[in-house]
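For reference, structure34.pdb (PDB, C-alpha atoms):
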ATOM      1  CA  ALA A   5      -6.658  -5.467   8.323  1.00  0.00           C
ATOM      2  CA  LYS A   6      -8.427  -2.235   7.563  1.00  0.00           C
ATOM      3  CA  SER A   7     -10.249  -1.546   4.308  1.00  0.00           C
ATOM      4  CA  SER A   8      -8.015   1.472   3.707  1.00  0.00           C
ATOM      5  CA  ASP A   9      -4.924  -0.773   3.541  1.00  0.00           C
ATOM      6  CA  THR A  10      -3.563  -1.284   0.026  1.00  0.00           C
ATOM      7  CA  PRO A  11      -3.618  -4.998  -0.876  1.00  0.00           C
ATOM      8  CA  ILE A  12      -0.327  -6.572  -1.961  1.00  0.00           C
ATOM      9  CA  HIS A  13      -0.819  -8.873  -4.928  1.00  0.00           C
ATOM     10  CA  PHE A  14       1.383 -11.753  -5.995  1.00  0.00           C
ATOM     11  CA  ALA A  15       1.211 -12.928  -9.596  1.00  0.00           C
ATOM     12  CA  LYS A  16       0.134 -16.560  -9.940  1.00  0.00           C
ATOM     13  CA  GLY A  17       3.102 -18.758  -9.061  1.00  0.00           C
ATOM     14  CA  ALA A  18       5.295 -15.816  -8.012  1.00  0.00           C
ATOM     15  CA  LEU A  19       7.300 -15.831  -4.785  1.00  0.00           C
ATOM     16  CA  THR A  20       7.899 -12.091  -4.702  1.00  0.00           C
ATOM     17  CA  SER A  21       5.998  -8.856  -5.007  1.00  0.00           C
ATOM     18  CA  THR A  22       7.447  -5.339  -5.091  1.00  0.00           C
ATOM     19  CA  ILE A  23       5.520  -2.282  -4.002  1.00  0.00           C
ATOM     20  CA  THR A  24       6.680   1.278  -4.494  1.00  0.00           C
ATOM     21  CA  GLY A  25       5.337   4.522  -3.190  1.00  0.00           C
ATOM     22  CA  LYS A  26       6.014   7.986  -1.892  1.00  0.00           C
ATOM     23  CA  LEU A  27       5.046   9.588   1.376  1.00  0.00           C
ATOM     24  CA  LYS A  28       4.047  13.182   0.721  1.00  0.00           C
ATOM     25  CA  PRO A  29       5.502  15.842   3.048  1.00  0.00           C
ATOM     26  CA  ASN A  30       2.362  15.705   5.246  1.00  0.00           C
ATOM     27  CA  GLU A  31       2.209  11.880   5.376  1.00  0.00           C
ATOM     28  CA  ASN A  32       4.040   9.753   7.926  1.00  0.00           C
ATOM     29  CA  GLU A  33       2.993   6.239   6.887  1.00  0.00           C
ATOM     30  CA  HIS A  34       1.334   3.973   4.350  1.00  0.00           C
ATOM     31  CA  TRP A  35      -0.374   0.666   5.235  1.00  0.00           C
ATOM     32  CA  TYR A  36      -0.488  -2.471   3.093  1.00  0.00           C
ATOM     33  CA  ARG A  37      -1.975  -5.909   3.660  1.00  0.00           C
ATOM     34  CA  PHE A  38      -1.501  -9.473   2.493  1.00  0.00           C
ATOM     35  CA  ASN A  39      -2.792 -12.893   3.462  1.00  0.00           C
ATOM     36  CA  ALA A  40      -0.353 -15.679   4.290  1.00  0.00           C
ATOM     37  CA  GLY A  41      -0.167 -18.960   6.136  1.00  0.00           C
ATOM     38  CA  SER A  42       1.471 -20.085   9.326  1.00  0.00           C
ATOM     39  CA  GLY A  43       5.016 -21.323   8.813  1.00  0.00           C
ATOM     40  CA  GLN A  44       5.607 -19.572   5.495  1.00  0.00           C
ATOM     41  CA  TYR A  45       9.158 -18.227   5.312  1.00  0.00           C
ATOM     42  CA  THR A  46       9.047 -14.503   4.579  1.00  0.00           C
ATOM     43  CA  VAL A  47      11.567 -11.745   3.886  1.00  0.00           C
ATOM     44  CA  ILE A  48      10.563  -8.070   3.657  1.00  0.00           C
ATOM     45  CA  ASN A  49      13.193  -5.617   2.419  1.00  0.00           C
ATOM     46  CA  ILE A  50      12.942  -1.830   2.051  1.00  0.00           C
ATOM     47  CA  ALA A  51      15.136  -0.075  -0.520  1.00  0.00           C
ATOM     48  CA  PRO A  52      15.307   3.532  -1.726  1.00  0.00           C
ATOM     49  CA  LEU A  53      13.021   4.483  -4.586  1.00  0.00           C
ATOM     50  CA  ALA A  54      15.434   4.873  -7.477  1.00  0.00           C
ATOM     51  CA  GLY A  55      15.087   5.666 -11.135  1.00  0.00           C
ATOM     52  CA  LYS A  56      15.154   8.573 -13.484  1.00  0.00           C
ATOM     53  CA  GLY A  57      12.580  11.140 -12.510  1.00  0.00           C
ATOM     54  CA  ILE A  58      11.097   9.099  -9.653  1.00  0.00           C
ATOM     55  CA  GLY A  59      13.898   9.066  -7.100  1.00  0.00           C
ATOM     56  CA  THR A  60      13.435  11.001  -3.866  1.00  0.00           C
ATOM     57  CA  SER A  61      15.957  12.669  -1.590  1.00  0.00           C
ATOM     58  CA  GLU A  62      14.511  10.876   1.433  1.00  0.00           C
ATOM     59  CA  THR A  63      13.613   7.225   1.948  1.00  0.00           C
ATOM     60  CA  ALA A  64      10.785   5.905   4.102  1.00  0.00           C
ATOM     61  CA  ASN A  65      12.857   3.123   5.655  1.00  0.00           C
ATOM     62  CA  VAL A  66      10.889   2.097   8.736  1.00  0.00           C
ATOM     63  CA  GLY A  67       8.842  -1.065   8.328  1.00  0.00           C
ATOM     64  CA  VAL A  68       6.528  -2.757  10.806  1.00  0.00           C
ATOM     65  CA  LEU A  69       4.785  -6.076  10.189  1.00  0.00           C
ATOM     66  CA  GLN A  70       1.569  -6.486  12.180  1.00  0.00           C
ATOM     67  CA  MET A  71       0.637 -10.127  12.763  1.00  0.00           C
ATOM     68  CA  PRO A  72      -2.972 -11.395  12.624  1.00  0.00           C
ATOM     69  CA  ASN A  73      -3.105 -11.348  16.457  1.00  0.00           C
ATOM     70  CA  GLY A  74      -1.993  -7.700  16.577  1.00  0.00           C
ATOM     71  CA  THR A  75       1.606  -8.170  17.720  1.00  0.00           C
ATOM     72  CA  GLN A  76       4.215  -6.286  15.728  1.00  0.00           C
ATOM     73  CA  ASP A  77       7.746  -6.851  14.501  1.00  0.00           C
ATOM     74  CA  GLY A  78       9.894  -4.456  12.565  1.00  0.00           C
ATOM     75  CA  THR A  79      12.884  -2.179  12.345  1.00  0.00           C
ATOM     76  CA  LYS A  80      14.647   0.190   9.980  1.00  0.00           C
ATOM     77  CA  GLY A  81      15.375  -1.243   6.542  1.00  0.00           C
ATOM     78  CA  GLY A  82      17.055  -2.902   4.533  1.00  0.00           C
ATOM     79  CA  ILE A  83      15.533  -6.123   5.803  1.00  0.00           C
ATOM     80  CA  ILE A  84      12.775  -5.341   8.286  1.00  0.00           C
ATOM     81  CA  TYR A  85      11.427  -8.881   8.694  1.00  0.00           C
ATOM     82  CA  GLN A  86      12.918 -12.300   8.058  1.00  0.00           C
ATOM     83  CA  GLY A  87      11.448 -15.471   9.433  1.00  0.00           C
ATOM     84  CA  CYS A  88       8.598 -17.928   9.540  1.00  0.00           C
ATOM     85  CA  LEU A  89       5.172 -16.367   9.866  1.00  0.00           C
ATOM     86  CA  PRO A  90       3.559 -17.291  13.195  1.00  0.00           C
ATOM     87  CA  ALA A  91      -0.064 -17.613  12.105  1.00  0.00           C
ATOM     88  CA  SER A  92      -2.398 -17.833   9.141  1.00  0.00           C
ATOM     89  CA  GLY A  93      -4.429 -14.760   8.314  1.00  0.00           C
ATOM     90  CA  ASP A  94      -4.208 -11.130   7.297  1.00  0.00           C
ATOM     91  CA  TYR A  95      -0.922  -9.326   7.845  1.00  0.00           C
ATOM     92  CA  ARG A  96      -0.557  -5.542   7.799  1.00  0.00           C
ATOM     93  CA  LEU A  97       2.637  -3.836   6.702  1.00  0.00           C
ATOM     94  CA  ARG A  98       3.352  -0.261   7.770  1.00  0.00           C
ATOM     95  CA  ILE A  99       5.926   1.723   5.830  1.00  0.00           C
ATOM     96  CA  ALA A 100       6.907   4.948   7.565  1.00  0.00           C
ATOM     97  CA  ARG A 101       9.489   7.676   7.562  1.00  0.00           C
ATOM     98  CA  ASN A 102      12.207   7.839  10.195  1.00  0.00           C
ATOM     99  CA  LEU A 103      11.092  11.064  11.874  1.00  0.00           C
ATOM    100  CA  MET A 104      14.481  11.544  13.555  1.00  0.00           C
ATOM    101  CA  ALA A 105      16.528  11.290  10.361  1.00  0.00           C
ATOM    102  CA  THR A 106      14.386  13.000   7.745  1.00  0.00           C
ATOM    103  CA  GLN A 107      13.304  16.572   7.132  1.00  0.00           C
ATOM    104  CA  GLY A 108       9.708  15.816   6.199  1.00  0.00           C
ATOM    105  CA  LYS A 109      10.251  15.990   2.452  1.00  0.00           C
ATOM    106  CA  THR A 110       8.752  13.515  -0.014  1.00  0.00           C
ATOM    107  CA  ALA A 111      10.095  10.098   1.012  1.00  0.00           C
ATOM    108  CA  GLY A 112      10.074   7.259  -1.497  1.00  0.00           C
ATOM    109  CA  TYR A 113      10.370   3.532  -0.966  1.00  0.00           C
ATOM    110  CA  SER A 114      10.547   0.253  -2.798  1.00  0.00           C
ATOM    111  CA  VAL A 115       9.555  -2.790  -0.750  1.00  0.00           C
ATOM    112  CA  GLU A 116      10.340  -6.352  -1.826  1.00  0.00           C
ATOM    113  CA  ILE A 117       8.264  -9.068  -0.187  1.00  0.00           C
ATOM    114  CA  MET A 118       9.181 -12.722  -0.631  1.00  0.00           C
ATOM    115  CA  ILE A 119       6.889 -15.415   0.748  1.00  0.00           C
ATOM    116  CA  LEU A 120       7.875 -19.022   0.144  1.00  0.00           C
ATOM    117  CA  PRO A 121       5.159 -21.650  -0.217  1.00  0.00           C
ATOM    118  CA  LYS A 122       4.626 -23.974   2.724  1.00  0.00           C
ATOM    119  CA  TYR A 123       6.443 -26.948   1.147  1.00  0.00           C
ATOM    120  CA  ALA A 124       9.542 -24.807   0.508  1.00  0.00           C
ATOM    121  CA  SER A 125       9.414 -23.267   3.991  1.00  0.00           C
ATOM    122  CA  GLU A 126       9.375 -26.465   6.035  1.00  0.00           C
ATOM    123  CA  SER A 127      13.113 -27.167   6.013  1.00  0.00           C
ATOM    124  CA  LEU A 128      13.860 -23.510   6.847  1.00  0.00           C
ATOM    125  CA  CYS A 129      11.272 -23.212   9.586  1.00  0.00           C
ATOM    126  CA  GLU A 130      11.857 -26.443  11.472  1.00  0.00           C
ATOM    127  CA  TYR A 131      15.066 -25.041  12.979  1.00  0.00           C
ATOM    128  CA  LEU A 132      13.815 -21.534  13.790  1.00  0.00           C
TER     129      LEU A 132
END
The structure in this file should be written as structure tokens.
Amino acid sequence: AKSSDTPIHFAKGALTSTITGKLKPNENEHWYRFNAGSGQYTVINIAPLAGKGIGTSETANVGVLQMPNGTQDGTKGGIIYQGCLPASGDYRLRIARNLMATQGKTAGYSVEIMILPKYASESLCEYL
């Protein structure tokens, strides 16, 4: 993880965290980071940034999860990652605009991240 990445915080005992942001017209991506353990079941979902006065005409809907070893997994959202994390360590999350489908305006996003604790992940992960 790089020091410029924005840390993702989970409240004590919480399974989910939601981050929101906007890519300015000259920005193509934002990076976030979180620490998690091997075998924790995780879902990352990108939704449009909605709400009175904060909504944007474009959505940054491309998400890439970078594993501690540097490999990457991701796609266009909705759900950009769903599965059991492969390793313990620092994960980086890149939220970016779809350059082919946007006009370079301000692009908002709301990202939900759910990470189950190890004990709740075991029954899900043993079959994956």
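One distance worth recording is that between atom CA of Lys28 of chain A and atom CA of Gln76 of chain A, which is 24.6 Å.
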What is the atom CA of Gly93 of chain A to atom CA of Thr20 of chain A distance in Å?
18.1 Å
Evaluate the PyMOL selection byres ((chain A and resi 7) around 12) and record the selected residues as JSON, numbers by chain, following the chain and residue labels used in the document.
{"A": [5, 6, 8, 9, 10, 11, 35, 36, 37, 38, 94, 96]}
Per-axis box centre and lengths in Å around segment 98-107 of chain A, 3 Å margin per side, axis-aligned, as lines of an AutoDock Vina configuration file:
center_x = 9.9
center_y = 8.2
center_z = 9.7
size_x = 19.2
size_y = 22.8
size_z = 13.7
Could you tell me how far atom CA of Ala64 of chain A sits from atom CA of Thr110 of chain A, in Å to one decimal place?
8.9 Å
Quick check on the file I pasted: which residues fall under the PyMOL selection byres ((chain A and resi 119) around 9)? Write them as JSON, numbers by chain.
{"A": [18, 19, 20, 21, 40, 44, 45, 46, 47, 48, 117, 118, 120, 121, 125]}
What does the PyMOL selection byres ((chain A and resi 23) around 8) select in this file, as a JSON list (two decimals) with C-alpha atoms, in the coordinates of the input?
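Contents of out-v7.json, freshly written:
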[["chain", "number", "residue", "atom", "x", "y", "z"],
["A", 12, "ILE", "CA", -0.33, -6.57, -1.96],
["A", 21, "SER", "CA", 6.00, -8.86, -5.01],
["A", 22, "THR", "CA", 7.45, -5.34, -5.09],
["A", 24, "THR", "CA", 6.68, 1.28, -4.49],
["A", 25, "GLY", "CA", 5.34, 4.52, -3.19],
["A", 114, "SER", "CA", 10.55, 0.25, -2.80],
["A", 115, "VAL", "CA", 9.56, -2.79, -0.75],
["A", 116, "GLU", "CA", 10.34, -6.35, -1.83]]
Distance query Gly78 of chain A at most 6 Å, only C-alpha atoms, self and fewer than 4 positions along chain excluded, as a PyMOL selection string
chain A and resi 67-69+84
Using only C-alpha atoms, please write the residues we just selected to a file, as a PDB file, in the coordinates of the input.
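Result went into selection_8.pdb, see below:
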ATOM      1  CA  GLY A  67       8.842  -1.065   8.328  1.00  0.00           C
ATOM      2  CA  VAL A  68       6.528  -2.757  10.806  1.00  0.00           C
ATOM      3  CA  LEU A  69       4.785  -6.076  10.189  1.00  0.00           C
ATOM      4  CA  ILE A  84      12.775  -5.341   8.286  1.00  0.00           C
TER       5      ILE A  84
END
Pick the closest to Lys80 of chain A from A:Gln107, A:Thr60, A:Asn49, A:Ser92: which is it, counting all atoms listed in the file?
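Answer, going by the shortest atom-to-atom distance: A:Asn49.
Shortest atom-to-atom contact with Leu89 of chain A among A:Thr75, A:Asn30, A:Thr106, A:Asn65: A:Thr75, counting only C-alpha atoms.
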I'd like the neighbourhood of Lys122 of chain A as a ChimeraX atom specification, where a residue qualifies if any of its atoms comes within 10 Å (using all atoms listed in the file), though same-chain residues fewer than 4 positions away should be ignored.
/A:40-45,88,126-127,129
Which one is closest to Asn32 of chain A: A:Val66, A:Ile83, A:Leu128, A:Ala91? Count all atoms listed in the file.
A:Val66
When you write segment 11-33 of chain A out from the block above, keep N, CA and C atoms and present the result as a PDB file, in the first residue's frame, please.
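Output saved as part-v7.pdb:
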ATOM      1  N   PRO A  11      -7.098   5.348   3.861  1.00  0.00           N
ATOM      2  CA  PRO A  11      -7.458   4.146   4.613  1.00  0.00           C
ATOM      3  C   PRO A  11      -8.973   3.986   4.719  1.00  0.00           C
ATOM      4  N   ILE A  12      -9.431   2.742   4.653  1.00  0.00           N
ATOM      5  CA  ILE A  12     -10.844   2.425   4.857  1.00  0.00           C
ATOM      6  C   ILE A  12     -10.988   1.937   6.287  1.00  0.00           C
ATOM      7  N   HIS A  13     -11.853   2.593   7.039  1.00  0.00           N
ATOM      8  CA  HIS A  13     -12.037   2.247   8.446  1.00  0.00           C
ATOM      9  C   HIS A  13     -13.352   1.505   8.645  1.00  0.00           C
ATOM     10  N   PHE A  14     -13.314   0.517   9.513  1.00  0.00           N
ATOM     11  CA  PHE A  14     -14.510  -0.195   9.930  1.00  0.00           C
ATOM     12  C   PHE A  14     -14.747   0.136  11.397  1.00  0.00           C
ATOM     13  N   ALA A  15     -15.974   0.515  11.734  1.00  0.00           N
ATOM     14  CA  ALA A  15     -16.296   0.756  13.137  1.00  0.00           C
ATOM     15  C   ALA A  15     -16.132  -0.553  13.898  1.00  0.00           C
ATOM     16  N   LYS A  16     -15.821  -0.454  15.180  1.00  0.00           N
ATOM     17  CA  LYS A  16     -15.617  -1.651  16.003  1.00  0.00           C
ATOM     18  C   LYS A  16     -16.840  -2.561  15.904  1.00  0.00           C
ATOM     19  N   GLY A  17     -16.618  -3.806  15.534  1.00  0.00           N
ATOM     20  CA  GLY A  17     -17.696  -4.777  15.434  1.00  0.00           C
ATOM     21  C   GLY A  17     -18.485  -4.724  14.138  1.00  0.00           C
ATOM     22  N   ALA A  18     -18.190  -3.764  13.266  1.00  0.00           N
ATOM     23  CA  ALA A  18     -18.953  -3.627  12.018  1.00  0.00           C
ATOM     24  C   ALA A  18     -18.413  -4.563  10.942  1.00  0.00           C
ATOM     25  N   LEU A  19     -19.319  -5.057  10.105  1.00  0.00           N
ATOM     26  CA  LEU A  19     -18.937  -5.906   8.979  1.00  0.00           C
ATOM     27  C   LEU A  19     -18.762  -5.103   7.700  1.00  0.00           C
ATOM     28  N   THR A  20     -19.358  -3.902   7.665  1.00  0.00           N
ATOM     29  CA  THR A  20     -19.346  -3.131   6.432  1.00  0.00           C
ATOM     30  C   THR A  20     -18.783  -1.736   6.648  1.00  0.00           C
ATOM     31  N   SER A  21     -18.284  -1.185   5.566  1.00  0.00           N
ATOM     32  CA  SER A  21     -17.853   0.205   5.533  1.00  0.00           C
ATOM     33  C   SER A  21     -18.253   0.752   4.169  1.00  0.00           C
ATOM     34  N   THR A  22     -18.702   1.993   4.130  1.00  0.00           N
ATOM     35  CA  THR A  22     -19.074   2.625   2.863  1.00  0.00           C
ATOM     36  C   THR A  22     -18.203   3.852   2.653  1.00  0.00           C
ATOM     37  N   ILE A  23     -17.613   3.935   1.485  1.00  0.00           N
ATOM     38  CA  ILE A  23     -16.819   5.114   1.140  1.00  0.00           C
ATOM     39  C   ILE A  23     -17.479   5.796  -0.049  1.00  0.00           C
ATOM     40  N   THR A  24     -17.467   7.114  -0.034  1.00  0.00           N
ATOM     41  CA  THR A  24     -18.013   7.866  -1.154  1.00  0.00           C
ATOM     42  C   THR A  24     -16.970   8.864  -1.625  1.00  0.00           C
ATOM     43  N   GLY A  25     -17.068   9.233  -2.869  1.00  0.00           N
ATOM     44  CA  GLY A  25     -16.137  10.215  -3.388  1.00  0.00           C
ATOM     45  C   GLY A  25     -16.528  10.663  -4.772  1.00  0.00           C
ATOM     46  N   LYS A  26     -15.762  11.605  -5.275  1.00  0.00           N
ATOM     47  CA  LYS A  26     -15.971  12.123  -6.624  1.00  0.00           C
ATOM     48  C   LYS A  26     -14.620  12.278  -7.309  1.00  0.00           C
ATOM     49  N   LEU A  27     -14.555  11.776  -8.528  1.00  0.00           N
ATOM     50  CA  LEU A  27     -13.391  12.034  -9.367  1.00  0.00           C
ATOM     51  C   LEU A  27     -13.637  13.347 -10.090  1.00  0.00           C
ATOM     52  N   LYS A  28     -12.722  14.286  -9.923  1.00  0.00           N
ATOM     53  CA  LYS A  28     -12.842  15.561 -10.635  1.00  0.00           C
ATOM     54  C   LYS A  28     -12.595  15.318 -12.124  1.00  0.00           C
ATOM     55  N   PRO A  29     -12.978  16.269 -12.981  1.00  0.00           N
ATOM     56  CA  PRO A  29     -12.800  16.058 -14.424  1.00  0.00           C
ATOM     57  C   PRO A  29     -11.372  15.676 -14.832  1.00  0.00           C
ATOM     58  N   ASN A  30     -10.358  16.116 -14.091  1.00  0.00           N
ATOM     59  CA  ASN A  30      -8.974  15.790 -14.465  1.00  0.00           C
ATOM     60  C   ASN A  30      -8.438  14.565 -13.732  1.00  0.00           C
ATOM     61  N   GLU A  31      -9.268  13.890 -12.948  1.00  0.00           N
ATOM     62  CA  GLU A  31      -8.830  12.700 -12.204  1.00  0.00           C
ATOM     63  C   GLU A  31      -9.396  11.443 -12.851  1.00  0.00           C
ATOM     64  N   ASN A  32      -8.586  10.396 -12.903  1.00  0.00           N
ATOM     65  CA  ASN A  32      -9.055   9.126 -13.452  1.00  0.00           C
ATOM     66  C   ASN A  32      -9.259   8.053 -12.398  1.00  0.00           C
ATOM     67  N   GLU A  33      -8.684   8.230 -11.197  1.00  0.00           N
ATOM     68  CA  GLU A  33      -8.770   7.160 -10.200  1.00  0.00           C
ATOM     69  C   GLU A  33      -8.526   7.698  -8.802  1.00  0.00           C
TER      70      GLU A  33
END
